[in-house]
Every structure is written in structure tokens, then in C-alpha cells.
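File shown: run34.txt (compact mmCIF, C-alpha atoms).
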```
# COMPACT_ATOMS: atom_id res chain seq x y z
CA MET T 1 17.94 25.66 7.47
CA SER T 2 14.51 26.65 8.65
CA LYS T 3 11.73 24.35 7.41
CA LEU T 4 8.02 24.98 7.09
CA CYS T 5 6.25 22.10 8.81
CA VAL T 6 2.82 20.81 9.64
CA ARG T 7 2.96 18.53 12.66
CA ALA T 8 0.60 16.45 14.75
CA PHE T 9 -2.17 17.27 12.32
CA SER T 10 -5.09 14.88 12.81
CA LEU T 11 -7.19 13.63 9.92
CA SER T 12 -10.30 11.43 9.81
CA LEU T 13 -10.48 8.28 7.68
CA ASP T 14 -12.54 10.23 5.19
CA GLY T 15 -9.95 13.00 4.96
CA TYR T 16 -11.30 15.76 7.18
CA GLY T 17 -9.07 17.84 9.46
CA ALA T 18 -11.92 19.40 11.40
CA GLY T 19 -15.60 18.84 11.86
CA PRO T 20 -18.27 21.22 10.56
CA GLY T 21 -19.79 24.07 12.57
CA GLN T 22 -16.89 25.38 14.63
CA ASN T 23 -18.04 27.74 17.39
CA LEU T 24 -17.29 28.68 20.99
CA GLU T 25 -18.62 25.34 22.26
CA ASN T 26 -16.98 23.28 19.49
CA PRO T 27 -13.54 24.76 18.86
CA LEU T 28 -12.64 21.74 16.70
CA GLY T 29 -16.00 21.57 14.94
CA VAL T 30 -18.72 19.03 15.67
CA GLY T 31 -17.10 15.62 16.19
CA GLY T 32 -13.64 17.12 15.76
CA LYS T 33 -12.45 16.18 19.23
CA ALA T 34 -12.47 12.46 18.38
CA LEU T 35 -9.80 13.19 15.77
CA HIS T 36 -7.36 14.11 18.51
CA GLU T 37 -7.85 11.23 20.96
CA TRP T 38 -4.37 9.92 20.13
CA ALA T 39 -2.92 13.28 21.23
CA PHE T 40 -5.03 13.74 24.35
CA SER T 41 -3.82 10.36 25.58
CA THR T 42 -0.16 11.38 25.53
CA ARG T 43 2.02 12.51 28.42
CA THR T 44 3.04 15.57 26.40
CA PHE T 45 -0.50 16.87 25.95
CA GLN T 46 -1.57 16.01 29.48
CA ARG T 47 1.34 18.08 30.80
CA MET T 48 0.28 20.95 28.57
CA PHE T 49 -3.08 20.87 30.35
CA GLY T 50 -1.30 20.77 33.72
CA ASN T 51 -2.20 17.16 34.40
CA ASP T 52 -0.09 14.27 35.62
CA GLY T 53 -0.30 11.02 33.74
CA GLY T 54 -0.72 10.44 30.06
CA VAL T 55 0.98 7.68 28.16
CA ALA T 56 4.51 7.41 26.75
CA GLY T 57 5.18 5.52 23.52
CA ILE T 58 4.92 6.19 19.81
CA ASP T 59 1.99 8.62 19.99
CA ASP T 60 3.84 10.58 22.64
CA ASP T 61 7.08 10.49 20.61
CA PHE T 62 5.24 12.20 17.76
CA ALA T 63 3.71 14.71 20.18
CA VAL T 64 7.20 15.53 21.50
CA ARG T 65 8.60 15.85 17.96
CA SER T 66 5.77 18.18 17.03
CA PHE T 67 7.14 20.83 19.40
CA ASP T 68 10.81 20.18 18.66
CA ASN T 69 12.86 23.04 17.16
CA VAL T 70 9.79 25.22 16.52
CA GLY T 71 10.82 28.90 16.42
CA ALA T 72 7.56 30.43 15.20
CA TRP T 73 4.00 29.48 14.30
CA ILE T 74 1.52 30.39 11.60
CA MET T 75 -2.22 29.85 11.95
CA GLY T 76 -5.47 30.93 10.35
CA ARG T 77 -7.71 33.29 12.25
CA ASN T 78 -10.43 30.62 12.48
CA MET T 79 -8.01 28.51 14.52
CA PHE T 80 -7.34 31.51 16.75
CA GLY T 81 -10.98 31.91 17.62
CA PRO T 82 -14.66 31.62 16.72
CA ILE T 83 -15.10 35.29 15.75
CA ARG T 84 -15.66 35.85 12.02
CA GLY T 85 -15.26 39.14 10.13
CA ALA T 86 -14.13 42.31 11.92
CA TRP T 87 -12.83 42.04 15.51
CA LEU T 88 -15.52 43.42 17.84
CA ASP T 89 -12.96 44.50 20.44
CA ASP T 90 -9.59 43.31 21.73
CA SER T 91 -10.95 40.95 24.37
CA TRP T 92 -10.48 37.63 22.49
CA LYS T 93 -6.95 36.32 23.08
CA GLY T 94 -7.25 32.75 21.80
CA TRP T 95 -8.61 29.52 23.25
CA TRP T 96 -5.56 28.76 25.35
CA GLY T 97 -5.60 30.96 28.47
CA ASP T 98 -2.95 33.45 29.63
CA ASN T 99 0.01 31.13 28.95
CA PRO T 100 -0.58 29.37 25.60
CA SER T 101 1.55 26.35 24.75
CA TYR T 102 3.12 28.02 21.72
CA HIS T 103 5.91 29.80 23.67
CA ALA T 104 7.00 31.58 20.48
CA PRO T 105 5.74 34.23 18.06
CA VAL T 106 2.48 33.19 16.36
CA PHE T 107 1.53 34.83 13.04
CA ILE T 108 -2.21 34.83 12.48
CA LEU T 109 -3.56 35.22 8.94
CA THR T 110 -6.49 37.62 8.85
CA ASN T 111 -8.06 40.31 6.70
CA HIS T 112 -8.63 42.45 9.79
CA ALA T 113 -5.66 44.26 11.36
CA ARG T 114 -5.21 44.19 15.10
CA PRO T 115 -2.33 45.12 17.45
CA SER T 116 -0.03 42.31 18.55
CA ILE T 117 -0.79 40.64 21.90
CA THR T 118 1.98 39.58 24.27
CA MET T 119 0.95 36.60 26.37
CA GLU T 120 2.79 34.85 29.21
CA GLY T 121 5.49 32.27 28.50
CA GLY T 122 6.87 33.76 25.29
CA THR T 123 3.80 33.57 23.09
CA VAL T 124 3.15 36.75 21.08
CA PHE T 125 0.18 36.85 18.69
CA HIS T 126 0.83 38.93 15.55
CA PHE T 127 -1.91 39.62 13.02
CA VAL T 128 -0.82 39.52 9.39
CA THR T 129 -3.06 41.10 6.77
CA ASP T 130 -0.84 40.90 3.69
CA GLY T 131 -1.07 37.20 2.85
CA ILE T 132 0.63 33.85 3.33
CA HIS T 133 3.98 34.78 1.79
CA ALA T 134 4.35 37.81 4.05
CA ALA T 135 3.38 35.73 7.07
CA LEU T 136 5.96 33.08 6.17
CA GLN T 137 8.67 35.70 5.72
CA ARG T 138 7.94 37.29 9.10
CA ALA T 139 7.69 33.90 10.82
CA THR T 140 10.96 32.70 9.28
CA GLU T 141 12.75 35.83 10.48
CA ALA T 142 11.26 35.46 13.95
CA ALA T 143 12.21 31.77 14.11
CA GLY T 144 15.93 32.65 13.96
CA GLY T 145 16.97 29.49 12.10
CA LYS T 146 14.48 27.19 13.80
CA ASP T 147 11.47 25.71 11.98
CA VAL T 148 8.16 27.40 11.33
CA ARG T 149 5.17 25.26 12.21
CA ILE T 150 1.73 25.75 10.68
CA GLY T 151 -0.75 25.09 13.46
CA GLY T 152 -3.81 25.02 11.20
CA GLY T 153 -6.58 24.98 10.34
CA VAL T 154 -7.22 23.02 7.21
CA ALA T 155 -7.71 26.07 4.97
CA THR T 156 -4.38 27.52 6.05
CA VAL T 157 -2.50 24.26 5.47
CA ARG T 158 -4.13 23.94 2.04
CA GLN T 159 -3.03 27.44 1.02
CA TYR T 160 0.59 26.75 1.92
CA LEU T 161 0.49 23.31 0.24
CA GLN T 162 -0.95 24.75 -2.97
CA ALA T 163 1.77 27.40 -2.99
CA GLY T 164 4.38 24.62 -2.75
CA LEU T 165 5.81 26.03 0.49
CA VAL T 166 5.41 23.16 2.98
CA ASP T 167 8.54 21.04 3.48
CA GLU T 168 7.08 18.34 5.71
CA LEU T 169 3.72 17.20 7.09
CA HIS T 170 3.18 14.84 9.98
CA LEU T 171 -0.39 13.60 9.83
CA ALA T 172 -2.15 11.33 12.31
CA VAL T 173 -5.01 9.48 10.64
CA SER T 174 -7.53 8.62 13.36
CA PRO T 175 -10.00 5.73 13.16
CA VAL T 176 -13.06 7.95 12.95
CA LEU T 177 -15.41 9.18 10.26
CA LEU T 178 -16.50 12.82 10.20
CA GLY T 179 -18.68 12.62 7.09
CA THR T 180 -18.29 16.31 6.29
CA GLY T 181 -16.13 19.26 7.28
CA GLU T 182 -12.86 20.54 5.88
CA ASN T 183 -11.10 18.06 3.59
CA LEU T 184 -7.32 18.41 3.57
CA PHE T 185 -6.41 16.96 0.17
CA ALA T 186 -9.51 17.59 -1.99
CA GLY T 187 -8.32 18.91 -5.34
CA ILE T 188 -4.67 19.00 -4.24
CA ASP T 189 -2.35 16.66 -6.17
CA MET T 190 0.23 15.81 -3.52
CA LEU T 191 2.24 13.66 -5.91
CA LYS T 192 2.52 16.43 -8.49
CA LEU T 193 3.56 18.82 -5.72
CA GLY T 194 6.46 16.45 -5.05
CA TYR T 195 5.47 14.72 -1.82
CA ARG T 196 6.09 11.11 -0.90
CA CYS T 197 5.37 9.15 2.27
CA ALA T 198 8.68 9.16 4.14
CA GLU T 199 7.51 7.58 7.42
CA HIS T 200 4.59 5.31 8.31
CA VAL T 201 4.21 4.37 11.96
CA PRO T 202 0.81 3.01 12.96
CA THR T 203 -0.39 2.71 16.53
CA ALA T 204 -3.60 1.46 18.09
CA LYS T 205 -4.89 5.06 18.20
CA ALA T 206 -3.70 6.55 14.89
CA THR T 207 -1.62 5.98 11.79
CA HIS T 208 1.25 8.44 11.78
CA VAL T 209 2.63 9.40 8.40
CA VAL T 210 5.27 11.94 7.50
CA LEU T 211 4.99 13.37 4.00
CA SER T 212 8.11 15.06 2.67
CA LYS T 213 9.06 16.80 -0.52
CA ARG T 214 11.26 14.59 -2.69
CA SER T 215 14.76 15.95 -2.64
CA MET B 216 -28.61 -13.09 6.38
CA SER B 217 -26.73 -12.17 3.24
CA LYS B 218 -24.68 -8.96 3.59
CA LEU B 219 -23.36 -6.65 0.91
CA CYS B 220 -19.65 -6.16 1.61
CA VAL B 221 -16.62 -4.38 0.28
CA ARG B 222 -13.47 -6.18 1.38
CA ALA B 223 -9.72 -5.81 1.05
CA PHE B 224 -10.29 -2.51 -0.71
CA SER B 225 -7.04 -0.52 -0.80
CA LEU B 226 -6.98 3.27 -0.46
CA SER B 227 -4.14 5.77 -0.67
CA LEU B 228 -3.44 8.29 2.10
CA ASP B 229 -5.08 10.94 -0.05
CA GLY B 230 -8.22 8.85 -0.50
CA TYR B 231 -7.84 7.26 -3.93
CA GLY B 232 -8.82 3.67 -4.66
CA ALA B 233 -7.14 3.54 -8.06
CA GLY B 234 -4.62 5.55 -9.99
CA PRO B 235 -5.49 7.55 -13.12
CA GLY B 236 -5.19 6.23 -16.68
CA GLN B 237 -6.22 2.58 -16.38
CA ASN B 238 -5.36 0.60 -19.52
CA LEU B 239 -4.11 -2.82 -20.62
CA GLU B 240 -0.64 -2.14 -19.18
CA ASN B 241 -1.92 -0.51 -15.98
CA PRO B 242 -4.97 -2.47 -14.85
CA LEU B 243 -4.93 -0.63 -11.51
CA GLY B 244 -4.18 2.78 -13.03
CA VAL B 245 -0.81 4.52 -12.92
CA GLY B 246 0.73 4.01 -9.48
CA GLY B 247 -2.21 1.86 -8.42
CA LYS B 248 -0.14 -1.24 -7.78
CA ALA B 249 1.60 0.35 -4.77
CA LEU B 250 -1.81 0.51 -3.09
CA HIS B 251 -1.93 -3.26 -2.94
CA GLU B 252 1.56 -4.07 -1.63
CA TRP B 253 0.05 -5.22 1.67
CA ALA B 254 -2.05 -7.78 -0.22
CA PHE B 255 0.66 -9.00 -2.59
CA SER B 256 2.83 -9.80 0.43
CA THR B 257 0.30 -12.22 1.90
CA ARG B 258 0.27 -16.00 1.69
CA THR B 259 -3.33 -15.88 0.48
CA PHE B 260 -2.57 -13.71 -2.55
CA GLN B 261 0.66 -15.53 -3.39
CA ARG B 262 -1.29 -18.81 -3.47
CA MET B 263 -3.85 -17.20 -5.77
CA PHE B 264 -0.99 -16.50 -8.17
CA GLY B 265 0.20 -20.09 -7.80
CA ASN B 266 3.28 -19.15 -5.78
CA ASP B 267 4.68 -20.60 -2.59
CA GLY B 268 5.61 -18.24 0.17
CA GLY B 269 3.93 -15.05 1.20
CA VAL B 270 3.55 -13.95 4.78
CA ALA B 271 1.05 -14.93 7.46
CA GLY B 272 -0.13 -12.44 10.07
CA ILE B 273 -2.67 -9.64 10.26
CA ASP B 274 -2.52 -8.63 6.59
CA ASP B 275 -3.04 -12.26 5.62
CA ASP B 276 -5.87 -12.64 8.14
CA PHE B 277 -7.70 -9.81 6.38
CA ALA B 278 -6.94 -11.37 2.99
CA VAL B 279 -8.44 -14.66 4.20
CA ARG B 280 -11.50 -12.90 5.64
CA SER B 281 -12.02 -11.10 2.35
CA PHE B 282 -12.88 -14.40 0.64
CA ASP B 283 -14.81 -15.86 3.55
CA ASN B 284 -18.51 -16.70 2.98
CA VAL B 285 -18.64 -14.91 -0.39
CA GLY B 286 -21.43 -16.39 -2.52
CA ALA B 287 -21.42 -13.90 -5.39
CA TRP B 288 -19.59 -10.82 -6.63
CA ILE B 289 -20.51 -7.52 -8.20
CA MET B 290 -18.06 -5.39 -10.17
CA GLY B 291 -18.04 -2.48 -12.59
CA ARG B 292 -17.13 -3.20 -16.18
CA ASN B 293 -14.00 -1.03 -15.87
CA MET B 294 -12.73 -3.49 -13.30
CA PHE B 295 -13.52 -6.35 -15.65
CA GLY B 296 -11.36 -4.91 -18.38
CA PRO B 297 -9.84 -1.94 -20.22
CA ILE B 298 -12.44 -1.85 -23.03
CA ARG B 299 -14.78 1.16 -22.94
CA GLY B 300 -18.11 1.50 -24.73
CA ALA B 301 -19.49 -1.34 -26.85
CA TRP B 302 -17.81 -4.77 -26.71
CA LEU B 303 -15.84 -5.23 -29.93
CA ASP B 304 -16.20 -9.02 -29.78
CA ASP B 305 -16.43 -11.73 -27.13
CA SER B 306 -12.69 -12.32 -26.79
CA TRP B 307 -12.09 -10.34 -23.55
CA LYS B 308 -12.73 -12.59 -20.55
CA GLY B 309 -11.21 -10.55 -17.72
CA TRP B 310 -7.67 -9.98 -16.46
CA TRP B 311 -7.49 -13.22 -14.52
CA GLY B 312 -6.89 -16.12 -16.92
CA ASP B 313 -9.04 -19.22 -17.44
CA ASN B 314 -9.56 -19.91 -13.73
CA PRO B 315 -10.25 -16.58 -11.97
CA SER B 316 -10.04 -16.45 -8.19
CA TYR B 317 -13.72 -15.55 -7.79
CA HIS B 318 -15.03 -19.16 -7.90
CA ALA B 319 -18.61 -17.86 -7.84
CA PRO B 320 -21.03 -15.93 -10.05
CA VAL B 321 -19.78 -12.41 -10.85
CA PHE B 322 -22.30 -9.75 -11.89
CA ILE B 323 -20.73 -7.05 -14.05
CA LEU B 324 -22.45 -3.66 -14.33
CA THR B 325 -22.45 -2.43 -17.92
CA ASN B 326 -24.58 -0.55 -20.42
CA HIS B 327 -23.69 -3.09 -23.11
CA ALA B 328 -25.35 -6.52 -23.03
CA ARG B 329 -23.24 -9.62 -23.58
CA PRO B 330 -23.83 -13.37 -23.09
CA SER B 331 -22.65 -14.87 -19.80
CA ILE B 332 -19.20 -16.52 -19.78
CA THR B 333 -18.53 -19.71 -17.83
CA MET B 334 -14.92 -19.93 -16.70
CA GLU B 335 -13.08 -22.73 -14.92
CA GLY B 336 -13.35 -23.17 -11.15
CA GLY B 337 -16.91 -21.96 -10.69
CA THR B 338 -16.57 -18.39 -11.92
CA VAL B 339 -19.38 -17.27 -14.25
CA PHE B 340 -19.39 -13.71 -15.57
CA HIS B 341 -22.88 -12.26 -16.01
CA PHE B 342 -23.45 -8.87 -17.63
CA VAL B 343 -26.17 -6.75 -16.02
CA THR B 344 -27.57 -3.81 -17.97
CA ASP B 345 -30.48 -2.78 -15.75
CA GLY B 346 -28.66 -1.08 -12.91
CA ILE B 347 -27.22 -1.58 -9.44
CA HIS B 348 -30.43 -2.70 -7.72
CA ALA B 349 -31.06 -5.41 -10.33
CA ALA B 350 -27.46 -6.57 -10.05
CA LEU B 351 -27.73 -6.77 -6.26
CA GLN B 352 -30.97 -8.74 -6.48
CA ARG B 353 -29.48 -11.24 -8.92
CA ALA B 354 -26.27 -11.54 -6.91
CA THR B 355 -28.16 -12.04 -3.64
CA GLU B 356 -30.24 -14.83 -5.20
CA ALA B 357 -27.13 -16.46 -6.64
CA ALA B 358 -25.29 -16.21 -3.31
CA GLY B 359 -27.81 -18.54 -1.68
CA GLY B 360 -27.60 -16.98 1.77
CA LYS B 361 -23.89 -16.19 1.63
CA ASP B 362 -22.58 -12.63 1.32
CA VAL B 363 -22.30 -10.56 -1.83
CA ARG B 364 -18.93 -8.88 -2.25
CA ILE B 365 -18.40 -5.77 -4.35
CA GLY B 366 -15.01 -6.21 -6.01
CA GLY B 367 -14.81 -2.63 -7.28
CA GLY B 368 -13.87 -0.32 -8.75
CA VAL B 369 -14.29 2.95 -6.94
CA ALA B 370 -17.25 4.17 -9.04
CA THR B 371 -19.18 0.96 -8.34
CA VAL B 372 -18.52 1.10 -4.59
CA ARG B 373 -19.59 4.76 -4.55
CA GLN B 374 -22.89 3.97 -6.29
CA TYR B 375 -23.78 1.28 -3.76
CA LEU B 376 -22.67 3.50 -0.84
CA GLN B 377 -24.76 6.42 -2.03
CA ALA B 378 -27.76 4.12 -2.38
CA GLY B 379 -27.30 3.06 1.26
CA LEU B 380 -26.90 -0.60 0.31
CA VAL B 381 -23.44 -1.51 1.65
CA ASP B 382 -23.46 -3.25 5.05
CA GLU B 383 -19.73 -3.35 5.69
CA LEU B 384 -16.47 -2.08 4.16
CA HIS B 385 -13.00 -3.35 4.95
CA LEU B 386 -10.50 -0.75 3.73
CA ALA B 387 -6.73 -1.01 3.79
CA VAL B 388 -5.15 2.45 3.84
CA SER B 389 -1.69 2.13 2.31
CA PRO B 390 1.20 4.51 3.05
CA VAL B 391 1.31 5.94 -0.47
CA LEU B 392 0.12 9.09 -2.19
CA LEU B 393 -1.55 8.87 -5.60
CA GLY B 394 -2.22 12.59 -6.05
CA THR B 395 -5.12 12.03 -8.40
CA GLY B 396 -7.42 9.24 -9.56
CA GLU B 397 -10.71 7.99 -8.20
CA ASN B 398 -11.52 9.28 -4.72
CA LEU B 399 -13.70 6.93 -2.67
CA PHE B 400 -15.36 9.31 -0.22
CA ALA B 401 -15.48 12.66 -2.09
CA GLY B 402 -18.92 14.14 -1.59
CA ILE B 403 -20.17 11.10 0.33
CA ASP B 404 -21.14 11.75 3.95
CA MET B 405 -20.33 8.41 5.56
CA LEU B 406 -21.51 9.54 8.98
CA LYS B 407 -24.90 10.63 7.67
CA LEU B 408 -25.19 7.29 5.84
CA GLY B 409 -24.85 5.63 9.24
CA TYR B 410 -21.31 4.22 9.20
CA ARG B 411 -18.90 4.07 12.09
CA CYS B 412 -15.42 2.61 12.38
CA ALA B 413 -15.98 -0.81 13.97
CA GLU B 414 -12.42 -2.18 13.68
CA HIS B 415 -9.01 -0.51 13.41
CA VAL B 416 -6.00 -2.81 13.03
CA PRO B 417 -2.84 -1.16 11.76
CA THR B 418 0.15 -3.08 10.42
CA ALA B 419 3.50 -2.00 9.03
CA LYS B 420 2.06 -2.21 5.51
CA ALA B 421 -1.46 -0.80 5.86
CA THR B 422 -4.09 0.43 8.28
CA HIS B 423 -7.05 -1.92 8.18
CA VAL B 424 -10.41 -0.43 9.09
CA VAL B 425 -13.83 -1.99 8.99
CA LEU B 426 -16.70 0.46 8.56
CA SER B 427 -20.14 -0.85 9.50
CA LYS B 428 -23.61 0.56 9.52
CA ARG B 429 -24.74 1.42 13.04
CA SER B 430 -27.31 -1.09 14.13
```
Can you turn what I pasted into C-alpha cells?
Amino acid sequence: MSKLCVRAFSLSLDGYGAGPGQNLENPLGVGGKALHEWAFSTRTFQRMFGNDGGVAGIDDDFAVRSFDNVGAWIMGRNMFGPIRGAWLDDSWKGWWGDNPSYHAPVFILTNHARPSITMEGGTVFHFVTDGIHAALQRATEAAGGKDVRIGGGVATVRQYLQAGLVDELHLAVSPVLLGTGENLFAGIDMLKLGYRCAEHVPTAKATHVVLSKRS
Amino acid sequence: MSKLCVRAFSLSLDGYGAGPGQNLENPLGVGGKALHEWAFSTRTFQRMFGNDGGVAGIDDDFAVRSFDNVGAWIMGRNMFGPIRGAWLDDSWKGWWGDNPSYHAPVFILTNHARPSITMEGGTVFHFVTDGIHAALQRATEAAGGKDVRIGGGVATVRQYLQAGLVDELHLAVSPVLLGTGENLFAGIDMLKLGYRCAEHVPTAKATHVVLSKRS
């Protein structure tokens, strides 16, 4: 059965999933890049950037798992790009070049309709204006039995958590402080929503935890 | 020079330092005990409870360090006991029996004056009604050059953090969710206050981090 998953989602020690002030120069917000050091070090991510090298091991195992059996993606429009409000034109096609690493349909939550964009390598960006449930339904259909992965950002993950729709979250808690930004859990009672910590695998670079709904 | 430290302070994955609903039966709040599993497993804590056994290793090393060079303690009155408001009588002398493991002067923040209590083994409970700065001054004098450790709870640590007075925090992030309770960092910008993550030592039971002020 298709699951709705959050994977390889980095958090700071103080609970932030992104730094403040995202813009064209700081796609992850100010200081946000440090959150992802564990991922950048892996063989999997280095290959995504077309580089040799990168390290195998536990961090890489989680990076590999994060792409496993993913049939479709959901993301917020602030993860797709730095433009806010109405689209100025159709020139922005994401941060990731002509061949993004999604290789599957990506459903982007937005209040501003826009035609779908077919990229190289199987990635198609669809823009969904009728809410998180509609996006999940379309993504689940497109995934054809595989899982749907929420790419981010924090606000999008929070909406799906609060609606009780997320089956599993893999978080990587990085040894950094962000001080401010977007807090993942603020005001969300994960215990009441039925989650428990199902896996806990620390490494020198991050503490990996998998939170699952109690069955 | 005497430092003001928080040590062996357990946090949940969602940022809580204690569960909700502390009372006589749940001194750590509901679910709060799971936060401290890493500590209960150590040789140091088992000896404190008069037991043989317990495990050596990294968790125990941090437990040992937590008591190292501590000349005085500060705690909130909700850590001292479950009574709220005025003291009914002088019968409550803490959770810890006749010989508490503090073995030093302990300064308890409260709005309700009470005579000091001399326990066995060097622990003396003093009740401070004129605020966190006065408590720190008295504790620093009593420590005689050694460090002052804030025992807790969360509200007390937060007050000293917000006042910029804490030199170092050792936190142990446990692989549990509490869902609600007292959040350590909510609304506190640790980066702006000058902290960075100086140590990061994960174990199977907890991720130990030491946050220090940049010097």
C-alpha cells in the first residue's frame, strides 16, 4: 500500500527545518545549509550532483532509503523557488536544473495556477491549487502503488502532520543551532497524533530517527 | 573561574525537558521518565540509588562529568517538589531522601520564604525569594570557585538562558516523543544568545551535545 512519507528531513538541535530569510542566494534559508552536511557528505548526494566520491555508511544508507520506492512527490511552492505571490512568467523551473533528481511527478502546493512543466529524466512539475488533500490524491494516483514523499518545506510537512496524513518521517537531527526559522513540531502534539520513535541510529554527523504511526 | 552550567539535561526529540502533569506520582511529568533512560542505565546513577551494576561508556562518562567540579546548585521549586503556592508546613524536604545526591548547597527559586534545611551528606537547601540574579550570586559565593550547576526544571533553565547567564549546556536528546510539556528552546534564539554546538557525541541511548557560548 502506498505510504505518505517524509524522508531525509534535516532538523537543527533547536527544532528548525530551515533557516530564516530564504531567497535566491539562500535556498535553504540563512544557515540552513549546515543542517544538511550529513547528506552532502554521502555518496548518494554527491552522485546526484554529478561528482565522484562521497562516503558510504549509515548516513548514505538513509540517503539511499530516502529515494527508495518513491512514486511521486509533494512540495510547497516555497521549496520550489524563491518567488512569492503570483508567478511573474513561466521562466522559473525550480532550483535543480534541466534534469531534477525527482525523476517522478512532483505536485507543488500553490495558490497560483500554472501549467505543468515536463523536465528531463521523468520529473514533471504539477501545480495544485485546491489544497493538501487534492494534492495527496493526485500524487497517490500518479505513484501507482509506490510511496508518496513530501519533499518539504517545513510548512508543508506541518500541514500534512496536523491533518494526520503522514505515515512515516525520517528526520536527521544535525548538531547545529539555527536560533530561529521554521520550527517543525511547535504546537504539534506528535504523541497525540499517534507517532512513536521506531528507529534511532546516530552517526557522527546526525541522529537519524524514524517516527511512525502506532499500528 | 566559576561557570554556570546545565548538565545531563534530557530532552525529547520534540524539544521537551519534562512531561506534562508533574505530581507526587510523576515527579518528571507524564512520560518524563523515558527521557532519562540513558542516565538510569549508567553506573554513576545506579550507584546514586545504592545499586551495583550499571554500564560504563560514553553515557556514563557524561554522567560523571555532570557532577564534576560542582560547588553549588540552583533549581526551581517545582523541581524541588510537587507543592505549588505557599508551603503548607516544613515537612517536604525534596524527592531524594535524607542524603540527596547534591552534596553541596542548593539554592531553590521560590516566591515563598522558608528556613534553610540541612540534610545529610553536605546538601543544604536554601530558599531564595529575590530572583535569579540573587540566587546566582549566592550560589557562586557558596561554590567557592567551583561551578554552579542548574539542576532544572525547564522554566528555570529558560530564565537563566534568556538572561544570558548560562556558560555551557550539556543536553542529552533521547529517542522519545513527549508531544507536549515544557519546551526548552521555544522562543529562545540560541544563536543570537551566542551559543554554538561545541561537542556532539551520539550513543545508542541518546545524542549528547554540549552548547557553549562563543568566546
Original post:
If we count only C-alpha atoms, what is near Val221 in chain B at a cut-off of 12 Å, once residues fewer than 3 positions away on the same chain are taken out, given as JSON, numbers by chain?
Top reply: {"B": [218, 224, 225, 280, 281, 282, 285, 288, 289, 290, 362, 363, 364, 365, 366, 367, 368, 369, 371, 372, 373, 375, 376, 380, 381, 382, 383, 384, 385, 386, 387, 424, 425, 426, 427]}
Expected file: the selected residues, C-alpha atoms, as a compact mmCIF listing (two decimals), in the frame of the given file:
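The result, stored in selection.txt:
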```
# COMPACT_ATOMS: atom_id res chain seq x y z
CA LYS B 218 -24.68 -8.96 3.59
CA PHE B 224 -10.29 -2.51 -0.71
CA SER B 225 -7.04 -0.52 -0.80
CA ARG B 280 -11.50 -12.90 5.64
CA SER B 281 -12.02 -11.10 2.35
CA PHE B 282 -12.88 -14.40 0.64
CA VAL B 285 -18.64 -14.91 -0.39
CA TRP B 288 -19.59 -10.82 -6.63
CA ILE B 289 -20.51 -7.52 -8.20
CA MET B 290 -18.06 -5.39 -10.17
CA ASP B 362 -22.58 -12.63 1.32
CA VAL B 363 -22.30 -10.56 -1.83
CA ARG B 364 -18.93 -8.88 -2.25
CA ILE B 365 -18.40 -5.77 -4.35
CA GLY B 366 -15.01 -6.21 -6.01
CA GLY B 367 -14.81 -2.63 -7.28
CA GLY B 368 -13.87 -0.32 -8.75
CA VAL B 369 -14.29 2.95 -6.94
CA THR B 371 -19.18 0.96 -8.34
CA VAL B 372 -18.52 1.10 -4.59
CA ARG B 373 -19.59 4.76 -4.55
CA TYR B 375 -23.78 1.28 -3.76
CA LEU B 376 -22.67 3.50 -0.84
CA LEU B 380 -26.90 -0.60 0.31
CA VAL B 381 -23.44 -1.51 1.65
CA ASP B 382 -23.46 -3.25 5.05
CA GLU B 383 -19.73 -3.35 5.69
CA LEU B 384 -16.47 -2.08 4.16
CA HIS B 385 -13.00 -3.35 4.95
CA LEU B 386 -10.50 -0.75 3.73
CA ALA B 387 -6.73 -1.01 3.79
CA VAL B 424 -10.41 -0.43 9.09
CA VAL B 425 -13.83 -1.99 8.99
CA LEU B 426 -16.70 0.46 8.56
CA SER B 427 -20.14 -0.85 9.50
```
**OP:** Please return, as a VMD selection string, all residues of chain T lying within 6 Å of chain B when all atoms listed in the file are considered.
**Re:** chain T and resid 176 179 to 180 189 to 191 197 202
**OP:** Quick one: everything within 9 Å of Thr42 in chain T, counting all atoms listed in the file, minus sequence neighbours fewer than 4 positions away in the same chain. Send it as a list of chain:residue names.
**Re:** T:Glu37, T:Trp38, T:Gln46, T:Arg47, T:Gly53, T:Gly54, T:Val55, T:Ala56, T:Gly57, T:Asp59, T:Asp60, T:Asp61, T:Ala63
**OP:** Using only C-alpha atoms, determine which residues lie at most 12 Å from Gly360 in chain B, disregarding the query and same-chain residues fewer than 3 positions distant; provide the list as a ChimeraX atom specification.
**Re:** /B:216-219,284-287,354-357,363
Write the residues of the preceding selection, restricted to C-alpha atoms, as a PDB file, in the frame of the given file.
```pdb
ATOM      1  CA  MET B 216     -28.610 -13.090   6.380  1.00  0.00           C
ATOM      2  CA  SER B 217     -26.730 -12.170   3.240  1.00  0.00           C
ATOM      3  CA  LYS B 218     -24.680  -8.960   3.590  1.00  0.00           C
ATOM      4  CA  LEU B 219     -23.360  -6.650   0.910  1.00  0.00           C
ATOM      5  CA  ASN B 284     -18.510 -16.700   2.980  1.00  0.00           C
ATOM      6  CA  VAL B 285     -18.640 -14.910  -0.390  1.00  0.00           C
ATOM      7  CA  GLY B 286     -21.430 -16.390  -2.520  1.00  0.00           C
ATOM      8  CA  ALA B 287     -21.420 -13.900  -5.390  1.00  0.00           C
ATOM      9  CA  ALA B 354     -26.270 -11.540  -6.910  1.00  0.00           C
ATOM     10  CA  THR B 355     -28.160 -12.040  -3.640  1.00  0.00           C
ATOM     11  CA  GLU B 356     -30.240 -14.830  -5.200  1.00  0.00           C
ATOM     12  CA  ALA B 357     -27.130 -16.460  -6.640  1.00  0.00           C
ATOM     13  CA  VAL B 363     -22.300 -10.560  -1.830  1.00  0.00           C
TER      14      VAL B 363
END
```
Subject >> Contacts of Gly81 in chain T within 8 Å, all atoms listed in the file, excl. fewer than 5 positions in-chain, as a ChimeraX atom specification >> reply: /T:24,27,92,94-95
Subject >> Atom pair CA of Gly76 in chain T / CA of Ile108 in chain T: separation (Å) >> reply: 5.5 Å
Original post:
How far is it from CA of Ser256 in chain B to CA of Gln237 in chain B, in Å with one decimal?
Top reply: 22.8 Å
Subject >> All residues 12 Å or closer to His341 in chain B, only C-alpha atoms, same chain fewer than 2 positions away omitted, as an NGL selection string >> reply: :B and (287-292 or 295 or 308-309 or 319-325 or 327-334 or 338-339 or 343-344 or 350 or 353-354 or 357)
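The interatomic distance for the pair CA of Gly121 in chain T and CA of His103 in chain T works out to 5.4 Å.
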